[in-house]
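K.L.:
My structure is stored as model_34.txt, with compact mmCIF, C-alpha atoms.
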# COMPACT_ATOMS: atom_id res chain seq x y z
CA MET K 1 71.56 43.75 -46.72
CA MET K 2 70.43 47.09 -45.27
CA ARG K 3 72.99 49.84 -45.73
CA GLU K 4 74.00 52.05 -42.85
CA TYR K 5 74.27 55.30 -44.87
CA TYR K 6 73.57 56.80 -48.29
CA SER K 7 75.39 59.77 -49.76
CA ILE K 8 73.52 62.82 -50.99
CA THR K 9 74.66 61.96 -54.54
CA GLU K 10 73.19 58.45 -54.32
CA LEU K 11 69.84 59.81 -53.16
CA THR K 12 69.72 62.59 -55.77
CA ARG K 13 70.20 59.94 -58.46
CA GLU K 14 67.71 57.50 -56.92
CA PHE K 15 64.94 60.09 -56.52
CA ASP K 16 65.88 62.29 -59.49
CA VAL K 17 66.12 65.44 -57.37
CA SER K 18 68.83 68.05 -56.90
CA THR K 19 71.16 68.25 -53.91
CA ARG K 20 69.50 71.61 -53.26
CA THR K 21 66.13 69.84 -52.89
CA LEU K 22 67.53 67.43 -50.29
CA ARG K 23 69.17 70.32 -48.44
CA PHE K 24 65.80 72.13 -48.50
CA TYR K 25 64.11 69.08 -46.94
CA GLU K 26 66.85 69.12 -44.29
CA ASP K 27 66.37 72.86 -43.67
CA GLU K 28 62.62 72.24 -43.33
CA GLY K 29 63.32 69.58 -40.69
CA LEU K 30 61.87 66.74 -42.77
CA VAL K 31 65.11 64.73 -42.77
CA GLN K 32 68.07 64.87 -40.40
CA PRO K 33 71.14 63.37 -42.03
CA VAL K 34 74.21 62.64 -39.93
CA ARG K 35 77.02 65.14 -40.50
CA ARG K 36 80.63 64.07 -40.87
CA GLY K 37 82.39 67.40 -41.34
CA ARG K 38 80.65 68.92 -44.38
CA THR K 39 79.41 65.54 -45.63
CA ARG K 40 75.79 64.56 -45.17
CA LEU K 41 75.13 60.87 -44.54
CA PHE K 42 71.52 59.77 -44.89
CA ARG K 43 70.23 56.81 -42.90
CA PRO K 44 67.74 54.29 -44.33
CA SER K 45 65.04 56.10 -42.31
CA ASP K 46 65.93 59.37 -44.12
CA ARG K 47 65.73 57.55 -47.44
CA HIS K 48 62.27 56.25 -46.48
CA LEU K 49 61.17 59.78 -45.51
CA ILE K 50 62.43 61.15 -48.84
CA ARG K 51 60.38 58.49 -50.62
CA GLN K 52 57.31 59.57 -48.58
CA ILE K 53 58.01 63.25 -49.31
CA MET K 54 58.26 62.54 -53.05
CA ARG K 55 54.98 60.60 -52.95
CA GLY K 56 53.31 63.49 -51.12
CA LYS K 57 54.62 65.96 -53.69
CA ARG K 58 53.30 63.78 -56.54
CA LEU K 59 49.89 63.77 -54.85
CA GLY K 60 49.97 67.57 -54.69
CA PHE K 61 50.61 68.04 -50.97
CA SER K 62 52.47 71.11 -49.74
CA ILE K 63 55.64 70.83 -47.67
CA ASN K 64 53.63 71.87 -44.59
CA GLU K 65 51.05 69.14 -45.22
CA ILE K 66 53.83 66.58 -45.72
CA ARG K 67 55.52 67.75 -42.49
CA GLU K 68 52.23 67.38 -40.59
CA ILE K 69 51.79 63.82 -41.83
CA ILE K 70 55.42 62.88 -41.04
CA GLN K 71 55.20 64.44 -37.55
CA MET K 72 52.05 62.51 -36.81
CA TYR K 73 53.88 59.28 -37.63
CA LYS K 74 56.68 60.13 -35.19
CA GLU K 75 54.39 61.06 -32.28
CA PRO K 76 51.14 59.71 -30.81
CA PRO K 77 48.66 58.79 -32.28
CA GLY K 78 51.33 57.34 -34.56
CA GLU K 79 50.59 55.33 -37.65
CA VAL K 80 46.81 55.11 -37.12
CA GLY K 81 46.62 58.88 -36.75
CA GLN K 82 48.88 59.35 -39.75
CA LEU K 83 46.73 57.09 -41.89
CA ASN K 84 43.53 58.85 -40.80
CA LEU K 85 45.09 62.24 -41.51
CA MET K 86 46.30 61.01 -44.89
CA ILE K 87 42.77 59.83 -45.76
CA LYS K 88 41.40 63.24 -44.77
CA ARG K 89 44.04 65.06 -46.86
CA ILE K 90 43.39 62.80 -49.85
CA GLU K 91 39.65 63.54 -49.61
CA GLU K 92 40.42 67.28 -49.51
CA LYS K 93 42.73 67.02 -52.56
CA ARG K 94 40.15 64.96 -54.41
CA GLU K 95 37.46 67.59 -53.75
CA ASP K 96 39.83 70.38 -54.87
CA LEU K 97 40.45 68.49 -58.12
CA ARG K 98 36.72 67.87 -58.63
CA GLN K 99 36.05 71.60 -58.20
CA LYS K 100 38.80 72.40 -60.73
CA ARG K 101 37.24 69.91 -63.15
CA ARG K 102 33.81 71.57 -62.71
CA ASP K 103 35.40 74.97 -63.31
CA LEU K 104 37.17 73.69 -66.43
CA GLU K 105 33.98 72.10 -67.79
CA GLU K 106 32.10 75.35 -67.19
CA THR K 107 34.80 77.37 -68.97
CA LEU K 108 34.84 74.92 -71.89
CA ALA K 109 31.05 75.22 -72.19
CA GLU K 110 31.36 79.03 -72.21
CA LEU K 111 34.00 78.81 -74.94
CA ASP K 112 31.78 76.47 -76.99
CA GLN K 113 28.90 78.93 -76.62
CA ALA K 114 31.08 81.90 -77.64
CA GLU K 115 32.37 80.01 -80.68
CA GLU K 116 28.81 79.04 -81.68
CA SER K 117 27.73 82.70 -81.44
CA CYS K 118 30.63 83.73 -83.68
CA VAL K 119 29.80 81.07 -86.28
CA GLU K 120 26.11 82.09 -86.26
CA ARG K 121 27.04 85.74 -86.77
CA LEU K 122 29.35 84.81 -89.66
CA VAL K 123 26.43 82.91 -91.25
CA GLU K 124 24.22 86.00 -90.81
CA LEU K 125 26.89 88.07 -92.55
CA GLY K 126 26.96 85.56 -95.40
CA VAL K 127 30.47 84.31 -94.70
CA ASN K 128 31.09 80.59 -95.19
CA THR K 129 33.00 78.90 -92.37
Could you show the structure in this file as structure tokens?
P.N.:
Amino acid sequence: MMREYYSITELTREFDVSTRTLRFYEDEGLVQPVRRGRTRLFRPSDRHLIRQIMRGKRLGFSINEIREIIQMYKEPPGEVGQLNLMIKRIEEKREDLRQKRRDLEETLAELDQAEESCVERLVELGVNT
């Protein structure tokens, strides 16, 4: 049975986030819980959005990138546009990570070379390593 509302406490436990995080998502306009006095009541659609936000964060997307993807889902071109944008963003993230890997491999090679030079110099000085 689909529930009508979830409390902020239920969602913080489910997604292992703080109440401050959920309030931040609300302030950023990513979720719009119903207010009953000072109590926030989250609809199933908000819960789904939080799940999408958490997935985006795990994939390394910024809040602005997540907002862009969510907005595209809500407006034309809708889901097709959202999926195409998501594919584009994933490709960009993948390329960023590949560049970081190249940079790391280059740095590791430089460290290996520096270490080798040190060992060679120690040998020249007659020090056993």
K.L.:
Restricting the calculation to all atoms listed in the file, which member of K:Gln32, K:Leu83, K:Lys100, K:Arg51 is positioned closest to Phe15 (chain K)?
P.N.:
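Comparing K:Gln32, K:Leu83, K:Lys100, K:Arg51 against Phe15 (chain K), the winner is K:Arg51.
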K.L.:
Taking all atoms listed in the file into account, produce a table as a Markdown table in which each residue of region 51-102 of chain K with an atom at most 10 Å from an atom of region 21-31 of chain K appears once, together with its shortest atom pair and the distance in Å to one decimal, ordered by chain and rising number.
P.N.:
| residue | atom | partner | partner_atom | distance |
| --- | --- | --- | --- | --- |
| K:Ile53 | CA | K:Leu30 | CA | 8.4 |
| K:Ile63 | CA | K:Glu28 | CA | 8.3 |
| K:Asn64 | CA | K:Glu28 | CA | 9.1 |
| K:Ile66 | CA | K:Leu30 | CA | 8.6 |
| K:Arg67 | CA | K:Leu30 | CA | 6.4 |
| K:Glu68 | CA | K:Leu30 | CA | 9.9 |
| K:Ile70 | CA | K:Leu30 | CA | 7.7 |
| K:Gln71 | CA | K:Leu30 | CA | 8.8 |
K.L.:
Find, counting only C-alpha atoms, the residue in K:Cys118, K:Ile8, K:Val80, K:Leu59 that gets nearest to Lys93 (chain K).
P.N.:
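When distances to Lys93 (chain K) are compared using only C-alpha atoms, the smallest one comes from K:Leu59.
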K.L.:
Report, in Å to a single decimal, how far apart CA of Glu4 (chain K) and CA of Lys57 (chain K) are.
P.N.:
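Result for CA of Lys57 (chain K) versus CA of Glu4 (chain K): 26.2 Å, one decimal.
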K.L.:
Would you mind putting all heavy atoms back on region 81-92 of chain K and writing the result as a compact mmCIF listing (two decimals), in the frame of the given file?
P.N.:
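Ended up saving to rebuild-v6.txt:
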# COMPACT_ATOMS: atom_id res chain seq x y z
N GLY K 81 46.92 57.46 -36.56
CA GLY K 81 46.62 58.88 -36.75
C GLY K 81 47.11 59.38 -38.08
O GLY K 81 46.44 60.16 -38.76
N GLN K 82 48.31 58.94 -38.47
CA GLN K 82 48.88 59.35 -39.75
C GLN K 82 48.00 58.88 -40.90
O GLN K 82 47.71 59.63 -41.83
CB GLN K 82 50.30 58.80 -39.92
CG GLN K 82 50.94 59.25 -41.22
CD GLN K 82 52.22 58.50 -41.55
OE1 GLN K 82 52.32 57.31 -41.28
NE2 GLN K 82 53.17 59.18 -42.14
N LEU K 83 47.56 57.64 -40.82
CA LEU K 83 46.73 57.09 -41.89
C LEU K 83 45.39 57.82 -41.96
O LEU K 83 44.91 58.13 -43.06
CB LEU K 83 46.53 55.58 -41.69
CG LEU K 83 47.81 54.75 -41.85
CD1 LEU K 83 47.56 53.32 -41.39
CD2 LEU K 83 48.31 54.79 -43.27
N ASN K 84 44.79 58.11 -40.80
CA ASN K 84 43.53 58.85 -40.80
C ASN K 84 43.70 60.26 -41.36
O ASN K 84 42.87 60.75 -42.12
CB ASN K 84 42.91 58.89 -39.40
CG ASN K 84 42.30 57.56 -39.01
OD1 ASN K 84 41.74 56.86 -39.84
ND2 ASN K 84 42.41 57.22 -37.74
N LEU K 85 44.81 60.91 -40.98
CA LEU K 85 45.09 62.24 -41.51
C LEU K 85 45.32 62.18 -43.02
O LEU K 85 44.83 63.02 -43.77
CB LEU K 85 46.32 62.84 -40.82
CG LEU K 85 46.75 64.22 -41.31
CD1 LEU K 85 45.65 65.26 -41.05
CD2 LEU K 85 48.05 64.65 -40.64
N MET K 86 46.03 61.18 -43.46
CA MET K 86 46.30 61.01 -44.89
C MET K 86 44.99 60.83 -45.65
O MET K 86 44.79 61.43 -46.71
CB MET K 86 47.23 59.80 -45.10
CG MET K 86 47.73 59.65 -46.49
SD MET K 86 48.91 60.95 -46.84
CE MET K 86 49.48 60.44 -48.44
N ILE K 87 44.08 60.03 -45.11
CA ILE K 87 42.77 59.83 -45.76
C ILE K 87 42.03 61.16 -45.85
O ILE K 87 41.46 61.50 -46.89
CB ILE K 87 41.94 58.77 -45.00
CG1 ILE K 87 42.54 57.38 -45.22
CG2 ILE K 87 40.47 58.81 -45.41
CD1 ILE K 87 42.00 56.30 -44.29
N LYS K 88 42.07 61.93 -44.77
CA LYS K 88 41.40 63.24 -44.77
C LYS K 88 42.02 64.16 -45.82
O LYS K 88 41.31 64.83 -46.57
CB LYS K 88 41.53 63.86 -43.37
CG LYS K 88 40.87 65.21 -43.24
CD LYS K 88 40.99 65.72 -41.80
CE LYS K 88 40.39 67.10 -41.70
NZ LYS K 88 41.26 68.05 -41.05
N ARG K 89 43.35 64.20 -45.89
CA ARG K 89 44.04 65.06 -46.86
C ARG K 89 43.76 64.62 -48.29
O ARG K 89 43.58 65.44 -49.18
CB ARG K 89 45.55 65.06 -46.60
CG ARG K 89 45.96 65.72 -45.32
CD ARG K 89 45.80 67.24 -45.40
NE ARG K 89 46.26 67.86 -44.19
CZ ARG K 89 45.46 68.43 -43.30
NH1 ARG K 89 44.17 68.46 -43.51
NH2 ARG K 89 45.94 68.97 -42.22
N ILE K 90 43.70 63.32 -48.51
CA ILE K 90 43.39 62.80 -49.85
C ILE K 90 41.98 63.22 -50.25
O ILE K 90 41.75 63.65 -51.39
CB ILE K 90 43.56 61.26 -49.91
CG1 ILE K 90 45.05 60.91 -49.88
CG2 ILE K 90 42.88 60.66 -51.13
CD1 ILE K 90 45.34 59.44 -49.68
N GLU K 91 41.03 63.12 -49.32
CA GLU K 91 39.65 63.54 -49.61
C GLU K 91 39.60 65.03 -49.96
O GLU K 91 38.90 65.43 -50.89
CB GLU K 91 38.73 63.24 -48.42
CG GLU K 91 38.46 61.77 -48.24
CD GLU K 91 37.78 61.41 -46.91
OE1 GLU K 91 37.56 62.32 -46.07
OE2 GLU K 91 37.47 60.23 -46.73
N GLU K 92 40.38 65.84 -49.22
CA GLU K 92 40.42 67.28 -49.51
C GLU K 92 41.01 67.54 -50.90
O GLU K 92 40.48 68.36 -51.66
CB GLU K 92 41.26 68.01 -48.45
CG GLU K 92 40.59 68.06 -47.09
CD GLU K 92 41.53 68.52 -45.98
OE1 GLU K 92 42.72 68.82 -46.26
OE2 GLU K 92 41.09 68.59 -44.81
